[in-house]
$ cat final-v2.txt   # compact mmCIF, N, CA and C atoms
# COMPACT_ATOMS: atom_id res chain seq x y z
N MET A 10 0.84 -1.17 0.00
CA MET A 10 0.00 0.00 0.00
C MET A 10 0.88 1.24 0.00
N LEU A 11 0.33 2.31 -0.55
CA LEU A 11 1.04 3.58 -0.62
C LEU A 11 0.19 4.65 0.05
N GLY A 12 0.78 5.42 0.95
CA GLY A 12 0.11 6.54 1.58
C GLY A 12 0.66 7.83 1.03
N ILE A 13 -0.23 8.80 0.80
CA ILE A 13 0.19 10.08 0.23
C ILE A 13 -0.38 11.22 1.07
N ASP A 14 0.50 12.14 1.44
CA ASP A 14 0.11 13.40 2.09
C ASP A 14 0.41 14.50 1.07
N TYR A 15 -0.63 14.94 0.35
CA TYR A 15 -0.44 15.89 -0.75
C TYR A 15 -0.40 17.32 -0.21
N GLY A 16 0.68 18.03 -0.55
CA GLY A 16 0.82 19.41 -0.12
C GLY A 16 1.26 20.30 -1.26
N ASP A 17 1.11 21.60 -1.09
CA ASP A 17 1.49 22.57 -2.13
C ASP A 17 2.98 22.54 -2.44
N LYS A 18 3.80 22.39 -1.42
CA LYS A 18 5.26 22.42 -1.61
C LYS A 18 5.88 21.03 -1.67
N ARG A 19 5.38 20.14 -0.83
CA ARG A 19 5.94 18.80 -0.73
C ARG A 19 4.82 17.77 -0.64
N VAL A 20 5.13 16.55 -1.12
CA VAL A 20 4.19 15.44 -1.05
C VAL A 20 4.88 14.31 -0.29
N GLY A 21 4.31 13.97 0.85
CA GLY A 21 4.87 12.89 1.64
C GLY A 21 4.36 11.55 1.13
N VAL A 22 5.25 10.56 1.14
CA VAL A 22 4.90 9.22 0.66
C VAL A 22 5.32 8.21 1.71
N ALA A 23 4.43 7.23 1.95
CA ALA A 23 4.71 6.16 2.90
C ALA A 23 4.33 4.82 2.27
N ILE A 24 4.97 3.78 2.75
CA ILE A 24 4.69 2.43 2.30
C ILE A 24 4.04 1.68 3.45
N GLY A 25 3.01 0.90 3.14
CA GLY A 25 2.33 0.12 4.16
C GLY A 25 2.36 -1.35 3.83
N LEU A 26 2.54 -2.14 4.85
CA LEU A 26 2.53 -3.59 4.71
C LEU A 26 1.24 -4.11 5.31
N THR A 27 0.38 -4.70 4.47
CA THR A 27 -0.92 -5.16 4.96
C THR A 27 -0.78 -6.33 5.92
N GLU A 28 0.22 -7.18 5.71
CA GLU A 28 0.38 -8.35 6.59
C GLU A 28 0.69 -7.92 8.01
N GLY A 29 1.62 -7.01 8.19
CA GLY A 29 1.97 -6.56 9.53
C GLY A 29 1.18 -5.35 9.97
N LYS A 30 0.38 -4.80 9.07
CA LYS A 30 -0.40 -3.58 9.32
C LYS A 30 0.47 -2.47 9.89
N ILE A 31 1.55 -2.18 9.17
CA ILE A 31 2.45 -1.12 9.60
C ILE A 31 2.77 -0.21 8.42
N ALA A 32 2.83 1.07 8.70
CA ALA A 32 3.15 2.07 7.68
C ALA A 32 4.47 2.74 8.05
N LEU A 33 5.32 2.92 7.03
CA LEU A 33 6.63 3.52 7.25
C LEU A 33 6.87 4.66 6.26
N PRO A 34 7.46 5.77 6.70
CA PRO A 34 7.78 6.86 5.77
C PRO A 34 8.71 6.36 4.67
N ARG A 35 8.50 6.83 3.43
CA ARG A 35 9.38 6.41 2.32
C ARG A 35 10.17 7.56 1.75
N GLU A 36 9.47 8.65 1.37
CA GLU A 36 10.20 9.78 0.80
C GLU A 36 9.31 11.01 0.74
N ILE A 37 9.96 12.13 0.43
CA ILE A 37 9.25 13.39 0.22
C ILE A 37 9.54 13.83 -1.20
N ILE A 38 8.46 14.13 -1.94
CA ILE A 38 8.58 14.58 -3.32
C ILE A 38 8.34 16.09 -3.35
N ASP A 39 9.27 16.84 -3.93
CA ASP A 39 9.03 18.27 -4.12
C ASP A 39 7.88 18.42 -5.11
N ASN A 40 6.90 19.22 -4.75
CA ASN A 40 5.74 19.40 -5.62
C ASN A 40 6.08 20.43 -6.70
N LYS A 41 6.57 19.92 -7.82
CA LYS A 41 6.89 20.76 -8.97
C LYS A 41 5.78 20.69 -10.00
N GLY A 42 4.58 20.42 -9.54
CA GLY A 42 3.42 20.30 -10.41
C GLY A 42 2.85 18.89 -10.36
N VAL A 43 1.57 18.77 -10.65
CA VAL A 43 0.87 17.50 -10.55
C VAL A 43 1.50 16.44 -11.45
N ASP A 44 1.87 16.82 -12.67
CA ASP A 44 2.46 15.84 -13.59
C ASP A 44 3.77 15.29 -13.05
N PHE A 45 4.60 16.15 -12.47
CA PHE A 45 5.86 15.73 -11.87
C PHE A 45 5.61 14.75 -10.72
N VAL A 46 4.68 15.10 -9.84
CA VAL A 46 4.36 14.27 -8.68
C VAL A 46 3.81 12.92 -9.14
N LEU A 47 2.88 12.94 -10.08
CA LEU A 47 2.30 11.68 -10.56
C LEU A 47 3.36 10.80 -11.23
N GLY A 48 4.29 11.41 -11.93
CA GLY A 48 5.37 10.65 -12.55
C GLY A 48 6.18 9.89 -11.52
N ARG A 49 6.53 10.58 -10.44
CA ARG A 49 7.32 9.93 -9.38
C ARG A 49 6.48 8.87 -8.67
N ILE A 50 5.21 9.15 -8.44
CA ILE A 50 4.35 8.18 -7.77
C ILE A 50 4.20 6.92 -8.63
N LYS A 51 4.08 7.09 -9.94
CA LYS A 51 4.01 5.93 -10.84
C LYS A 51 5.27 5.07 -10.67
N GLU A 52 6.43 5.71 -10.59
CA GLU A 52 7.69 4.98 -10.41
C GLU A 52 7.67 4.19 -9.10
N ILE A 53 7.21 4.82 -8.04
CA ILE A 53 7.17 4.17 -6.72
C ILE A 53 6.21 2.99 -6.76
N ILE A 54 5.05 3.17 -7.40
CA ILE A 54 4.07 2.09 -7.50
C ILE A 54 4.68 0.87 -8.18
N GLU A 55 5.45 1.11 -9.23
CA GLU A 55 6.11 0.00 -9.93
C GLU A 55 7.23 -0.61 -9.08
N GLU A 56 8.06 0.25 -8.48
CA GLU A 56 9.18 -0.24 -7.67
C GLU A 56 8.71 -1.09 -6.49
N GLU A 57 7.62 -0.67 -5.86
CA GLU A 57 7.15 -1.31 -4.62
C GLU A 57 6.01 -2.29 -4.85
N ASP A 58 5.58 -2.47 -6.11
CA ASP A 58 4.46 -3.37 -6.44
C ASP A 58 3.21 -3.03 -5.61
N ILE A 59 2.82 -1.78 -5.68
CA ILE A 59 1.68 -1.25 -4.92
C ILE A 59 0.37 -1.62 -5.60
N ASP A 60 -0.64 -2.01 -4.78
CA ASP A 60 -1.95 -2.28 -5.36
C ASP A 60 -3.08 -1.45 -4.75
N VAL A 61 -2.77 -0.68 -3.71
CA VAL A 61 -3.76 0.21 -3.09
C VAL A 61 -3.06 1.51 -2.70
N VAL A 62 -3.74 2.64 -2.95
CA VAL A 62 -3.21 3.95 -2.59
C VAL A 62 -4.21 4.62 -1.64
N VAL A 63 -3.67 5.26 -0.60
CA VAL A 63 -4.49 6.00 0.36
C VAL A 63 -3.98 7.43 0.38
N VAL A 64 -4.86 8.38 0.05
CA VAL A 64 -4.51 9.79 0.01
C VAL A 64 -5.19 10.49 1.18
N GLY A 65 -4.42 11.30 1.90
CA GLY A 65 -4.98 12.05 3.01
C GLY A 65 -5.95 13.11 2.53
N ALA A 66 -7.12 13.16 3.15
CA ALA A 66 -8.15 14.14 2.82
C ALA A 66 -8.17 15.21 3.91
N PRO A 67 -7.70 16.41 3.57
CA PRO A 67 -7.61 17.48 4.59
C PRO A 67 -8.95 18.18 4.81
N PHE A 68 -9.86 17.47 5.48
CA PHE A 68 -11.16 18.07 5.79
C PHE A 68 -10.97 19.27 6.71
N SER A 69 -11.85 20.24 6.58
CA SER A 69 -11.83 21.42 7.43
C SER A 69 -12.22 21.02 8.84
N LEU A 70 -11.59 21.61 9.83
CA LEU A 70 -11.94 21.31 11.21
C LEU A 70 -13.35 21.78 11.55
N SER A 71 -13.83 22.82 10.85
CA SER A 71 -15.17 23.35 11.13
C SER A 71 -16.26 22.52 10.47
N LYS A 72 -15.91 21.73 9.45
CA LYS A 72 -16.84 20.87 8.70
C LYS A 72 -17.89 21.66 7.93
N LYS A 73 -17.80 22.99 7.87
CA LYS A 73 -18.79 23.77 7.16
C LYS A 73 -18.55 23.71 5.66
N ASP A 74 -17.35 23.95 5.26
CA ASP A 74 -17.00 23.95 3.84
C ASP A 74 -15.74 23.14 3.62
N LYS A 75 -15.52 22.79 2.36
CA LYS A 75 -14.26 22.13 2.01
C LYS A 75 -13.16 23.18 2.08
N SER A 76 -12.04 22.80 2.69
CA SER A 76 -10.91 23.71 2.77
C SER A 76 -10.29 23.88 1.39
N GLU A 77 -9.49 24.91 1.22
CA GLU A 77 -8.79 25.12 -0.05
C GLU A 77 -7.87 23.94 -0.34
N GLN A 78 -7.20 23.46 0.71
CA GLN A 78 -6.29 22.33 0.51
C GLN A 78 -7.07 21.07 0.13
N PHE A 79 -8.27 20.91 0.66
CA PHE A 79 -9.10 19.76 0.28
C PHE A 79 -9.43 19.82 -1.21
N LYS A 80 -9.78 21.01 -1.69
CA LYS A 80 -10.10 21.16 -3.11
C LYS A 80 -8.89 20.83 -3.99
N LYS A 81 -7.69 21.27 -3.57
CA LYS A 81 -6.47 20.95 -4.32
C LYS A 81 -6.20 19.45 -4.31
N THR A 82 -6.39 18.84 -3.16
CA THR A 82 -6.18 17.40 -3.04
C THR A 82 -7.19 16.64 -3.88
N GLU A 83 -8.43 17.11 -3.88
CA GLU A 83 -9.49 16.49 -4.68
C GLU A 83 -9.14 16.54 -6.18
N ASN A 84 -8.61 17.68 -6.63
CA ASN A 84 -8.18 17.81 -8.02
C ASN A 84 -7.03 16.86 -8.33
N PHE A 85 -6.09 16.73 -7.40
CA PHE A 85 -4.98 15.79 -7.56
C PHE A 85 -5.51 14.36 -7.69
N VAL A 86 -6.47 14.00 -6.84
CA VAL A 86 -7.04 12.65 -6.86
C VAL A 86 -7.75 12.39 -8.19
N LYS A 87 -8.48 13.37 -8.69
CA LYS A 87 -9.18 13.21 -9.98
C LYS A 87 -8.18 12.93 -11.10
N LYS A 88 -7.10 13.69 -11.14
CA LYS A 88 -6.08 13.49 -12.17
C LYS A 88 -5.39 12.14 -11.97
N PHE A 89 -5.12 11.79 -10.73
CA PHE A 89 -4.51 10.51 -10.40
C PHE A 89 -5.35 9.37 -10.96
N LYS A 90 -6.66 9.41 -10.70
CA LYS A 90 -7.56 8.34 -11.15
C LYS A 90 -7.62 8.24 -12.67
N LYS A 91 -7.48 9.37 -13.37
CA LYS A 91 -7.47 9.35 -14.83
C LYS A 91 -6.21 8.70 -15.38
N GLU A 92 -5.09 8.91 -14.69
CA GLU A 92 -3.79 8.46 -15.20
C GLU A 92 -3.31 7.12 -14.65
N ILE A 93 -3.76 6.76 -13.46
CA ILE A 93 -3.26 5.55 -12.82
C ILE A 93 -4.45 4.66 -12.44
N ASN A 94 -4.46 3.47 -12.98
CA ASN A 94 -5.55 2.54 -12.73
C ASN A 94 -5.20 1.66 -11.53
N ILE A 95 -5.55 2.15 -10.34
CA ILE A 95 -5.25 1.43 -9.10
C ILE A 95 -6.32 1.82 -8.08
N GLU A 96 -6.59 0.93 -7.16
CA GLU A 96 -7.58 1.20 -6.13
C GLU A 96 -7.09 2.36 -5.25
N LEU A 97 -7.95 3.36 -5.03
CA LEU A 97 -7.56 4.55 -4.28
C LEU A 97 -8.64 4.87 -3.26
N PHE A 98 -8.22 5.18 -2.05
CA PHE A 98 -9.12 5.59 -0.98
C PHE A 98 -8.64 6.93 -0.44
N MET A 99 -9.58 7.70 0.09
CA MET A 99 -9.22 8.94 0.79
C MET A 99 -9.46 8.71 2.28
N GLU A 100 -8.49 9.15 3.08
CA GLU A 100 -8.53 8.96 4.53
C GLU A 100 -8.45 10.32 5.22
N ASP A 101 -9.30 10.53 6.19
CA ASP A 101 -9.30 11.79 6.95
C ASP A 101 -7.91 12.01 7.54
N GLU A 102 -7.33 13.16 7.24
CA GLU A 102 -5.96 13.44 7.71
C GLU A 102 -5.90 14.60 8.68
N ARG A 103 -7.05 15.04 9.19
CA ARG A 103 -7.02 16.18 10.09
C ARG A 103 -5.99 15.99 11.20
N LEU A 104 -5.15 16.97 11.33
CA LEU A 104 -4.13 17.05 12.38
C LEU A 104 -2.96 16.07 12.20
N SER A 105 -2.90 15.35 11.08
CA SER A 105 -1.78 14.41 10.90
C SER A 105 -0.44 15.14 10.82
N THR A 106 -0.42 16.33 10.20
CA THR A 106 0.83 17.07 10.11
C THR A 106 1.28 17.54 11.49
N LYS A 107 0.33 18.00 12.30
CA LYS A 107 0.67 18.43 13.67
C LYS A 107 1.16 17.24 14.49
N GLU A 108 0.54 16.08 14.30
CA GLU A 108 0.97 14.88 15.00
C GLU A 108 2.39 14.48 14.56
N ALA A 109 2.65 14.60 13.26
CA ALA A 109 3.98 14.29 12.74
C ALA A 109 5.02 15.23 13.33
N GLU A 110 4.68 16.52 13.44
CA GLU A 110 5.60 17.49 14.05
C GLU A 110 5.90 17.11 15.49
N GLY A 111 4.87 16.64 16.21
CA GLY A 111 5.07 16.21 17.59
C GLY A 111 6.00 15.01 17.68
N LEU A 112 5.86 14.08 16.76
CA LEU A 112 6.73 12.90 16.75
C LEU A 112 8.16 13.26 16.41
N LEU A 113 8.34 14.33 15.66
CA LEU A 113 9.68 14.75 15.22
C LEU A 113 10.26 15.84 16.11
N ARG A 114 9.76 15.97 17.31
CA ARG A 114 10.27 16.99 18.21
C ARG A 114 11.79 16.98 18.22
N GLY A 115 12.37 18.10 17.92
CA GLY A 115 13.82 18.18 17.87
C GLY A 115 14.37 17.84 16.49
N GLY A 116 13.54 17.23 15.65
CA GLY A 116 13.96 16.91 14.29
C GLY A 116 13.59 18.05 13.36
N LYS A 117 13.88 17.87 12.10
CA LYS A 117 13.58 18.91 11.13
C LYS A 117 12.10 18.86 10.76
N LYS A 118 11.40 19.95 10.99
CA LYS A 118 9.98 20.00 10.64
C LYS A 118 9.77 19.89 9.14
N LYS A 119 10.81 20.24 8.38
CA LYS A 119 10.73 20.13 6.93
C LYS A 119 10.52 18.67 6.52
N ASN A 120 10.95 17.75 7.36
CA ASN A 120 10.88 16.33 7.05
C ASN A 120 9.62 15.66 7.61
N LYS A 121 8.59 16.42 7.85
CA LYS A 121 7.39 15.87 8.46
C LYS A 121 6.42 15.24 7.47
N ASP A 122 6.54 15.54 6.19
CA ASP A 122 5.54 15.14 5.21
C ASP A 122 5.45 13.63 5.02
N ASP A 123 6.59 12.93 5.00
CA ASP A 123 6.54 11.48 4.85
C ASP A 123 6.03 10.82 6.12
N VAL A 124 6.32 11.42 7.27
CA VAL A 124 5.80 10.90 8.54
C VAL A 124 4.28 11.10 8.58
N ALA A 125 3.80 12.26 8.10
CA ALA A 125 2.35 12.50 8.03
C ALA A 125 1.70 11.48 7.10
N ALA A 126 2.34 11.16 5.98
CA ALA A 126 1.81 10.15 5.05
C ALA A 126 1.72 8.79 5.75
N ALA A 127 2.73 8.46 6.55
CA ALA A 127 2.71 7.19 7.29
C ALA A 127 1.58 7.18 8.31
N LEU A 128 1.33 8.30 8.98
CA LEU A 128 0.23 8.37 9.94
C LEU A 128 -1.12 8.22 9.26
N ILE A 129 -1.28 8.82 8.10
CA ILE A 129 -2.52 8.69 7.32
C ILE A 129 -2.73 7.23 6.94
N LEU A 130 -1.69 6.62 6.41
CA LEU A 130 -1.78 5.22 5.98
C LEU A 130 -2.00 4.30 7.18
N GLN A 131 -1.34 4.59 8.29
CA GLN A 131 -1.52 3.77 9.49
C GLN A 131 -2.96 3.84 9.98
N SER A 132 -3.56 5.01 9.91
CA SER A 132 -4.97 5.18 10.30
C SER A 132 -5.87 4.28 9.45
N TYR A 133 -5.59 4.24 8.15
CA TYR A 133 -6.35 3.38 7.25
C TYR A 133 -6.12 1.90 7.58
N LEU A 134 -4.86 1.53 7.76
CA LEU A 134 -4.53 0.13 8.08
C LEU A 134 -5.18 -0.33 9.39
N ASN A 135 -5.29 0.57 10.34
CA ASN A 135 -5.90 0.23 11.63
C ASN A 135 -7.39 -0.07 11.49
N ARG A 136 -8.01 0.50 10.46
CA ARG A 136 -9.46 0.30 10.26
C ARG A 136 -9.80 -0.95 9.45
N ILE A 137 -8.85 -1.44 8.67
CA ILE A 137 -9.19 -2.57 7.78
C ILE A 137 -8.87 -3.91 8.43
$ encode --input "final-v2.txt" --output "structure tokens"
Amino acid sequence: MLGIDYGDKRVGVAIGLTEGKIALPREIIDNKGVDFVLGRIKEIIEEEDIDVVVVGAPFSLSKKDKSEQFKKTENFVKKFKKEINIELFMEDERLSTKEAEGLLRGGKKKNKDDVAAALILQSYLNRI
């Protein structure tokens, strides 16, 4: 399984093992545009023999409207589904980045995106 934390500047990627139900950070992709990100994700899917993708859905904490980041992520997912034929789920990611920052206390906050992706994927693995 592949977990994705889609962001404007960086995209965190994590790998999940369904047998052990564990998610681990894999890498951070600089977001140089959707096509660039999808190209790298396609490579990872092939390298890791991925059959399920879980993308973090940044729902608004107020639940009134979709956040701007949710709309961007939704557009990314639409393009992803057009270009990559693989099972894809969206997982609530509220506060995953803050949780990742907490886990990296003393570490570089710049490196939180792949940890956030692992937390998103772990949340999904815990439910299945």
$ closest_residue --input "final-v2.txt" --among "A:Phe98, A:Val22, A:Lys88, A:Lys80" --to "Leu47 in chain A" --atoms "only N, CA and C atoms"
A:Lys88
$ atom_distance --input "final-v2.txt" --atom1 "CA of Val86 in chain A" --atom2 "atom N of Lys30 in chain A"
24.8 Å
$ atom_distance --input "final-v2.txt" --atom1 "atom C of Gly48 in chain A" --atom2 "CA of Asp101 in chain A"
24.2 Å
$ select_by_dssp --input "final-v2.txt" --residues "chain A" --states "strand (DSSP E or B)" --output "number ranges by chain"
A: 11-15, 19-26, 31-39, 61-66, 96-101
$ write_last_selection --input "final-v2.txt" --atoms "N, CA and C atoms" --output "compact mmCIF listing (two decimals), in the coordinates of the input"
# COMPACT_ATOMS: atom_id res chain seq x y z
N LEU A 11 0.33 2.31 -0.55
CA LEU A 11 1.04 3.58 -0.62
C LEU A 11 0.19 4.65 0.05
N GLY A 12 0.78 5.42 0.95
CA GLY A 12 0.11 6.54 1.58
C GLY A 12 0.66 7.83 1.03
N ILE A 13 -0.23 8.80 0.80
CA ILE A 13 0.19 10.08 0.23
C ILE A 13 -0.38 11.22 1.07
N ASP A 14 0.50 12.14 1.44
CA ASP A 14 0.11 13.40 2.09
C ASP A 14 0.41 14.50 1.07
N TYR A 15 -0.63 14.94 0.35
CA TYR A 15 -0.44 15.89 -0.75
C TYR A 15 -0.40 17.32 -0.21
N ARG A 19 5.38 20.14 -0.83
CA ARG A 19 5.94 18.80 -0.73
C ARG A 19 4.82 17.77 -0.64
N VAL A 20 5.13 16.55 -1.12
CA VAL A 20 4.19 15.44 -1.05
C VAL A 20 4.88 14.31 -0.29
N GLY A 21 4.31 13.97 0.85
CA GLY A 21 4.87 12.89 1.64
C GLY A 21 4.36 11.55 1.13
N VAL A 22 5.25 10.56 1.14
CA VAL A 22 4.90 9.22 0.66
C VAL A 22 5.32 8.21 1.71
N ALA A 23 4.43 7.23 1.95
CA ALA A 23 4.71 6.16 2.90
C ALA A 23 4.33 4.82 2.27
N ILE A 24 4.97 3.78 2.75
CA ILE A 24 4.69 2.43 2.30
C ILE A 24 4.04 1.68 3.45
N GLY A 25 3.01 0.90 3.14
CA GLY A 25 2.33 0.12 4.16
C GLY A 25 2.36 -1.35 3.83
N LEU A 26 2.54 -2.14 4.85
CA LEU A 26 2.53 -3.59 4.71
C LEU A 26 1.24 -4.11 5.31
N ILE A 31 1.55 -2.18 9.17
CA ILE A 31 2.45 -1.12 9.60
C ILE A 31 2.77 -0.21 8.42
N ALA A 32 2.83 1.07 8.70
CA ALA A 32 3.15 2.07 7.68
C ALA A 32 4.47 2.74 8.05
N LEU A 33 5.32 2.92 7.03
CA LEU A 33 6.63 3.52 7.25
C LEU A 33 6.87 4.66 6.26
N PRO A 34 7.46 5.77 6.70
CA PRO A 34 7.78 6.86 5.77
C PRO A 34 8.71 6.36 4.67
N ARG A 35 8.50 6.83 3.43
CA ARG A 35 9.38 6.41 2.32
C ARG A 35 10.17 7.56 1.75
N GLU A 36 9.47 8.65 1.37
CA GLU A 36 10.20 9.78 0.80
C GLU A 36 9.31 11.01 0.74
N ILE A 37 9.96 12.13 0.43
CA ILE A 37 9.25 13.39 0.22
C ILE A 37 9.54 13.83 -1.20
N ILE A 38 8.46 14.13 -1.94
CA ILE A 38 8.58 14.58 -3.32
C ILE A 38 8.34 16.09 -3.35
N ASP A 39 9.27 16.84 -3.93
CA ASP A 39 9.03 18.27 -4.12
C ASP A 39 7.88 18.42 -5.11
N VAL A 61 -2.77 -0.68 -3.71
CA VAL A 61 -3.76 0.21 -3.09
C VAL A 61 -3.06 1.51 -2.70
N VAL A 62 -3.74 2.64 -2.95
CA VAL A 62 -3.21 3.95 -2.59
C VAL A 62 -4.21 4.62 -1.64
N VAL A 63 -3.67 5.26 -0.60
CA VAL A 63 -4.49 6.00 0.36
C VAL A 63 -3.98 7.43 0.38
N VAL A 64 -4.86 8.38 0.05
CA VAL A 64 -4.51 9.79 0.01
C VAL A 64 -5.19 10.49 1.18
N GLY A 65 -4.42 11.30 1.90
CA GLY A 65 -4.98 12.05 3.01
C GLY A 65 -5.95 13.11 2.53
N ALA A 66 -7.12 13.16 3.15
CA ALA A 66 -8.15 14.14 2.82
C ALA A 66 -8.17 15.21 3.91
N GLU A 96 -6.59 0.93 -7.16
CA GLU A 96 -7.58 1.20 -6.13
C GLU A 96 -7.09 2.36 -5.25
N LEU A 97 -7.95 3.36 -5.03
CA LEU A 97 -7.56 4.55 -4.28
C LEU A 97 -8.64 4.87 -3.26
N PHE A 98 -8.22 5.18 -2.05
CA PHE A 98 -9.12 5.59 -0.98
C PHE A 98 -8.64 6.93 -0.44
N MET A 99 -9.58 7.70 0.09
CA MET A 99 -9.22 8.94 0.79
C MET A 99 -9.46 8.71 2.28
N GLU A 100 -8.49 9.15 3.08
CA GLU A 100 -8.53 8.96 4.53
C GLU A 100 -8.45 10.32 5.22
N ASP A 101 -9.30 10.53 6.19
CA ASP A 101 -9.30 11.79 6.95
C ASP A 101 -7.91 12.01 7.54
$ atom_distance --input "final-v2.txt" --atom1 "CA of Glu100 in chain A" --atom2 "atom N of Ile13 in chain A"
9.1 Å
$ closest_atom_pairs --input "final-v2.txt" --of "range 26-99 of chain A" --to "range 133-137 of chain A" --cutoff "10 Å" --atoms "only C-alpha atoms" --output "tab-separated table"
residue	atom	partner	partner_atom	distance
A:Leu26	CA	A:Leu134	CA	8.7
A:Thr27	CA	A:Leu134	CA	7.1
A:Glu28	CA	A:Leu134	CA	9.9
A:Gly29	CA	A:Leu134	CA	9.4
A:Lys30	CA	A:Leu134	CA	5.7
A:Ile31	CA	A:Leu134	CA	7.3
A:Ala32	CA	A:Leu134	CA	7.9
A:Val63	CA	A:Tyr133	CA	7.6
A:Val64	CA	A:Tyr133	CA	9.8
A:Gly65	CA	A:Tyr133	CA	9.7
A:Phe98	CA	A:Tyr133	CA	9.0
A:Met99	CA	A:Tyr133	CA	9.0
$ write_last_selection --input "final-v2.txt" --atoms "N, CA and C atoms" --output "PDB file, keeping the file's coordinate frame"
ATOM      1  N   LEU A  26       2.540  -2.140   4.850  1.00  0.00           N
ATOM      2  CA  LEU A  26       2.530  -3.590   4.710  1.00  0.00           C
ATOM      3  C   LEU A  26       1.240  -4.110   5.310  1.00  0.00           C
ATOM      4  N   THR A  27       0.380  -4.700   4.470  1.00  0.00           N
ATOM      5  CA  THR A  27      -0.920  -5.160   4.960  1.00  0.00           C
ATOM      6  C   THR A  27      -0.780  -6.330   5.920  1.00  0.00           C
ATOM      7  N   GLU A  28       0.220  -7.180   5.710  1.00  0.00           N
ATOM      8  CA  GLU A  28       0.380  -8.350   6.590  1.00  0.00           C
ATOM      9  C   GLU A  28       0.690  -7.920   8.010  1.00  0.00           C
ATOM     10  N   GLY A  29       1.620  -7.010   8.190  1.00  0.00           N
ATOM     11  CA  GLY A  29       1.970  -6.560   9.530  1.00  0.00           C
ATOM     12  C   GLY A  29       1.180  -5.350   9.970  1.00  0.00           C
ATOM     13  N   LYS A  30       0.380  -4.800   9.070  1.00  0.00           N
ATOM     14  CA  LYS A  30      -0.400  -3.580   9.320  1.00  0.00           C
ATOM     15  C   LYS A  30       0.470  -2.470   9.890  1.00  0.00           C
ATOM     16  N   ILE A  31       1.550  -2.180   9.170  1.00  0.00           N
ATOM     17  CA  ILE A  31       2.450  -1.120   9.600  1.00  0.00           C
ATOM     18  C   ILE A  31       2.770  -0.210   8.420  1.00  0.00           C
ATOM     19  N   ALA A  32       2.830   1.070   8.700  1.00  0.00           N
ATOM     20  CA  ALA A  32       3.150   2.070   7.680  1.00  0.00           C
ATOM     21  C   ALA A  32       4.470   2.740   8.050  1.00  0.00           C
ATOM     22  N   VAL A  63      -3.670   5.260  -0.600  1.00  0.00           N
ATOM     23  CA  VAL A  63      -4.490   6.000   0.360  1.00  0.00           C
ATOM     24  C   VAL A  63      -3.980   7.430   0.380  1.00  0.00           C
ATOM     25  N   VAL A  64      -4.860   8.380   0.050  1.00  0.00           N
ATOM     26  CA  VAL A  64      -4.510   9.790   0.010  1.00  0.00           C
ATOM     27  C   VAL A  64      -5.190  10.490   1.180  1.00  0.00           C
ATOM     28  N   GLY A  65      -4.420  11.300   1.900  1.00  0.00           N
ATOM     29  CA  GLY A  65      -4.980  12.050   3.010  1.00  0.00           C
ATOM     30  C   GLY A  65      -5.950  13.110   2.530  1.00  0.00           C
ATOM     31  N   PHE A  98      -8.220   5.180  -2.050  1.00  0.00           N
ATOM     32  CA  PHE A  98      -9.120   5.590  -0.980  1.00  0.00           C
ATOM     33  C   PHE A  98      -8.640   6.930  -0.440  1.00  0.00           C
ATOM     34  N   MET A  99      -9.580   7.700   0.090  1.00  0.00           N
ATOM     35  CA  MET A  99      -9.220   8.940   0.790  1.00  0.00           C
ATOM     36  C   MET A  99      -9.460   8.710   2.280  1.00  0.00           C
TER      37      MET A  99
END
$ residues_around --input "final-v2.txt" --residues "range 38-43 of chain A" --least-positions-apart "2" --cutoff "6 Å" --atoms "only N, CA and C atoms" --output "ChimeraX atom specification"
/A:17-22,36,45-48
$ axis_aligned_box --input "final-v2.txt" --around "range 86-89 of chain A" --padding-each-side "3 Å" --output "AutoDock Vina command-line options"
--center_x -6.8 --center_y 11.7 --center_z -9.5 --size_x 10.7 --size_y 10.6 --size_z 11.3
$ closest_residue --input "final-v2.txt" --among "A:Lys81, A:Ile50, A:Gly12, A:Pro34" --to "Ile129 in chain A" --atoms "all atoms listed in the file"
A:Gly12
$ select_by_dssp --input "final-v2.txt" --residues "chain A" --states "helix (DSSP H, G or I)" --output "ChimeraX atom specification"
/A:43-57,77-92,105-112,118-136
$ closest_residue --input "final-v2.txt" --among "A:Ala23, A:Val61, A:Ile37, A:Ala126" --to "Ile95 in chain A" --atoms "all atoms listed in the file"
A:Val61
